[in-house]
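Visitor: The structure follows.
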Amino acid sequence: MRVSQTALDRSESLFKQFVDSMWLIRAYHADAFDRAADSSLYSETVRVLNVYAQDRTQAAYGLIVNGLVWDAEIIIRTIYETFSKIALL
């Protein structure tokens with residue numbers, strides 16, 4: 001299912017906010033995990049799950065920008081599962 005071009009045009013400001021937010025999330029990730037001196041099995045697991053969630057978020061964003069909302073919804077489900085695993089840890 002594709003979204004109309006007018007709907008995508010109206011969502012342009014949301015897309016810009018998403019891209020800005022992803023830069024903030026990546027900067028936080030770098031501070032929290034990449035520059036940490038000590039790493040444990042727990043922190044490494046959370047780091048990998050975080051990277052996984054970020055990658056899937058960008059994939060969903062790419063699909064939504066191209067109007068493929070049905071496909072993006074399937075990807076977003078995996079993001080929810082990853083966030084729930086992170087919260088559980």
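In the structure tokens, chains take letters A, B, ... by order of appearance, with residues numbered from 1 within each chain and ligands from 1 in the order shown.
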Please provide the set of residues having any atom within 10 Å of A:Arg26, restricted to only C-alpha atoms, with same-chain residues fewer than 6 positions apart removed, written as a ChimeraX atom specification.
Guide: /A:32,50-51,54
Visitor: Write the residues of the selection above to a file with N, CA, C and O atoms, as a tab-separated table (two decimals), in the first residue's frame.
Guide:
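Saved the output as again.tsv:
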chain	number	residue	atom	x	y	z
A	32	ALA	N	27.58	6.69	25.36
A	32	ALA	CA	27.24	5.65	26.33
A	32	ALA	C	28.00	4.35	26.10
A	32	ALA	O	28.39	3.68	27.06
A	50	ASN	N	20.73	-1.97	20.67
A	50	ASN	CA	20.52	-0.57	20.33
A	50	ASN	C	20.88	-0.30	18.87
A	50	ASN	O	20.14	0.37	18.15
A	51	VAL	N	22.00	-0.83	18.42
A	51	VAL	CA	22.40	-0.68	17.02
A	51	VAL	C	21.37	-1.34	16.10
A	51	VAL	O	21.00	-0.78	15.06
A	54	GLN	N	18.37	0.92	15.86
A	54	GLN	CA	18.65	2.09	15.03
A	54	GLN	C	18.66	1.75	13.55
A	54	GLN	O	18.12	2.50	12.73
Visitor: List the neighbours of stretch 38-46 of chain A out to 10 Å using only C-alpha atoms; skip same-chain residues closer than 2 positions along the sequence, and give me the result as JSON, numbers by chain.
Guide: {"A": [32, 33, 34, 35, 36, 48, 49, 50, 51, 52, 82, 83, 85, 86, 87, 89]}
Visitor: Would you kindly return, as a ChimeraX atom specification, each protein, DNA or RNA residue with an atom no farther than 9 Å from any atom of A:Val65, considering only C-alpha atoms and excluding same-chain residues fewer than 5 positions away?
Guide: /A:8,12,15,60
Visitor: Which of these residues is nearest to A:His29, using only C-alpha atoms: A:Gln17, A:Arg47, A:Gly67, A:Ser84?
Guide: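 Of A:Gln17, A:Arg47, A:Gly67, A:Ser84, the one nearest A:His29 is A:Arg47, counting only C-alpha atoms.
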Visitor: For A:Tyr61, work out the shell of residues within 12 Å, counting only C-alpha atoms and skipping chain neighbours fewer than 3 positions away, then give it as a list in words.
Guide: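 Skipping anything fewer than 3 positions along the chain leaves Leu8, Ser11, Glu12, Leu14, Phe15, Lys16, Gln17, Phe18, Val19, Met22, Gln54, Asp55, Arg56, Thr57, Gln58, Ile64, Val65, Asn66, Gly67, Leu68, Val69, Asp71, Ala72, Glu73, Ile75, Ile76 and Ile79 of chain A.
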Visitor: For atom CA of A:Ala53 and atom CA of A:Arg77, quote the distance in Å rounded to one decimal.
Guide: 10.6 Å
Visitor: Based on DSSP run over this structure's backbone, return all residues of chain A in alpha helix (DSSP H), as a ChimeraX atom specification.
Guide: /A:5-10,12-29,41-65,69-88
Visitor: Write a file of the just-selected residues containing C-alpha atoms, as a PDB file, in the first residue's frame.
Guide:
ATOM      1  CA  GLN A   5       2.370  12.274  -2.523  1.00  0.00           C
ATOM      2  CA  THR A   6       0.309  14.968  -0.792  1.00  0.00           C
ATOM      3  CA  ALA A   7       0.409  13.000   2.468  1.00  0.00           C
ATOM      4  CA  LEU A   8       4.179  12.644   2.146  1.00  0.00           C
ATOM      5  CA  ASP A   9       4.524  16.368   1.459  1.00  0.00           C
ATOM      6  CA  ARG A  10       2.486  17.214   4.561  1.00  0.00           C
ATOM      7  CA  GLU A  12       7.951  16.549   5.529  1.00  0.00           C
ATOM      8  CA  SER A  13       8.365  18.474   8.800  1.00  0.00           C
ATOM      9  CA  LEU A  14       7.985  15.213  10.759  1.00  0.00           C
ATOM     10  CA  PHE A  15      10.650  13.581   8.610  1.00  0.00           C
ATOM     11  CA  LYS A  16      13.049  16.440   9.385  1.00  0.00           C
ATOM     12  CA  GLN A  17      12.382  16.076  13.117  1.00  0.00           C
ATOM     13  CA  PHE A  18      13.032  12.338  12.843  1.00  0.00           C
ATOM     14  CA  VAL A  19      16.389  12.860  11.140  1.00  0.00           C
ATOM     15  CA  ASP A  20      17.401  15.432  13.764  1.00  0.00           C
ATOM     16  CA  SER A  21      16.372  13.036  16.545  1.00  0.00           C
ATOM     17  CA  MET A  22      18.373  10.183  15.054  1.00  0.00           C
ATOM     18  CA  TRP A  23      21.517  12.332  15.171  1.00  0.00           C
ATOM     19  CA  LEU A  24      20.915  12.946  18.872  1.00  0.00           C
ATOM     20  CA  ILE A  25      20.330   9.246  19.516  1.00  0.00           C
ATOM     21  CA  ARG A  26      23.514   8.278  17.682  1.00  0.00           C
ATOM     22  CA  ALA A  27      25.519  10.861  19.664  1.00  0.00           C
ATOM     23  CA  TYR A  28      24.129   9.495  22.924  1.00  0.00           C
ATOM     24  CA  HIS A  29      24.921   5.945  21.789  1.00  0.00           C
ATOM     25  CA  LEU A  41      28.404  -8.801  28.645  1.00  0.00           C
ATOM     26  CA  TYR A  42      25.352  -6.797  29.708  1.00  0.00           C
ATOM     27  CA  SER A  43      26.536  -3.515  28.169  1.00  0.00           C
ATOM     28  CA  GLU A  44      27.626  -5.245  24.973  1.00  0.00           C
ATOM     29  CA  THR A  45      24.221  -6.939  24.625  1.00  0.00           C
ATOM     30  CA  VAL A  46      22.396  -3.644  25.127  1.00  0.00           C
ATOM     31  CA  ARG A  47      24.769  -1.933  22.676  1.00  0.00           C
ATOM     32  CA  VAL A  48      24.110  -4.516  19.960  1.00  0.00           C
ATOM     33  CA  LEU A  49      20.347  -4.356  20.505  1.00  0.00           C
ATOM     34  CA  ASN A  50      20.524  -0.566  20.330  1.00  0.00           C
ATOM     35  CA  VAL A  51      22.403  -0.677  17.016  1.00  0.00           C
ATOM     36  CA  TYR A  52      19.875  -3.212  15.711  1.00  0.00           C
ATOM     37  CA  ALA A  53      16.974  -0.927  16.648  1.00  0.00           C
ATOM     38  CA  GLN A  54      18.655   2.092  15.033  1.00  0.00           C
ATOM     39  CA  ASP A  55      19.271   0.207  11.794  1.00  0.00           C
ATOM     40  CA  ARG A  56      15.669  -0.992  11.619  1.00  0.00           C
ATOM     41  CA  THR A  57      14.426   2.511  12.397  1.00  0.00           C
ATOM     42  CA  GLN A  58      16.364   3.898   9.455  1.00  0.00           C
ATOM     43  CA  ALA A  59      15.033   1.130   7.215  1.00  0.00           C
ATOM     44  CA  ALA A  60      11.465   1.944   8.239  1.00  0.00           C
ATOM     45  CA  TYR A  61      12.137   5.637   7.635  1.00  0.00           C
ATOM     46  CA  GLY A  62      13.383   4.893   4.126  1.00  0.00           C
ATOM     47  CA  LEU A  63      10.282   2.874   3.361  1.00  0.00           C
ATOM     48  CA  ILE A  64       7.929   5.540   4.745  1.00  0.00           C
ATOM     49  CA  VAL A  65       9.629   8.337   2.788  1.00  0.00           C
ATOM     50  CA  VAL A  69       3.828   2.283   4.800  1.00  0.00           C
ATOM     51  CA  TRP A  70       2.697  -1.344   4.879  1.00  0.00           C
ATOM     52  CA  ASP A  71       6.263  -2.590   4.525  1.00  0.00           C
ATOM     53  CA  ALA A  72       7.476  -0.057   7.078  1.00  0.00           C
ATOM     54  CA  GLU A  73       4.874  -1.270   9.573  1.00  0.00           C
ATOM     55  CA  ILE A  74       6.352  -4.765   9.428  1.00  0.00           C
ATOM     56  CA  ILE A  75       9.821  -3.373  10.146  1.00  0.00           C
ATOM     57  CA  ILE A  76       8.450  -1.236  12.975  1.00  0.00           C
ATOM     58  CA  ARG A  77       7.159  -4.387  14.686  1.00  0.00           C
ATOM     59  CA  THR A  78      10.732  -5.652  14.972  1.00  0.00           C
ATOM     60  CA  ILE A  79      11.740  -2.298  16.449  1.00  0.00           C
ATOM     61  CA  TYR A  80       9.066  -2.674  19.129  1.00  0.00           C
ATOM     62  CA  GLU A  81      10.331  -6.167  19.924  1.00  0.00           C
ATOM     63  CA  THR A  82      13.909  -4.884  20.218  1.00  0.00           C
ATOM     64  CA  PHE A  83      12.917  -2.000  22.490  1.00  0.00           C
ATOM     65  CA  SER A  84      11.004  -4.405  24.709  1.00  0.00           C
ATOM     66  CA  LYS A  85      14.109  -6.630  24.978  1.00  0.00           C
ATOM     67  CA  ILE A  86      16.239  -3.605  25.887  1.00  0.00           C
ATOM     68  CA  ALA A  87      13.698  -2.555  28.525  1.00  0.00           C
ATOM     69  CA  LEU A  88      13.623  -6.067  29.924  1.00  0.00           C
TER      70      LEU A  88
END
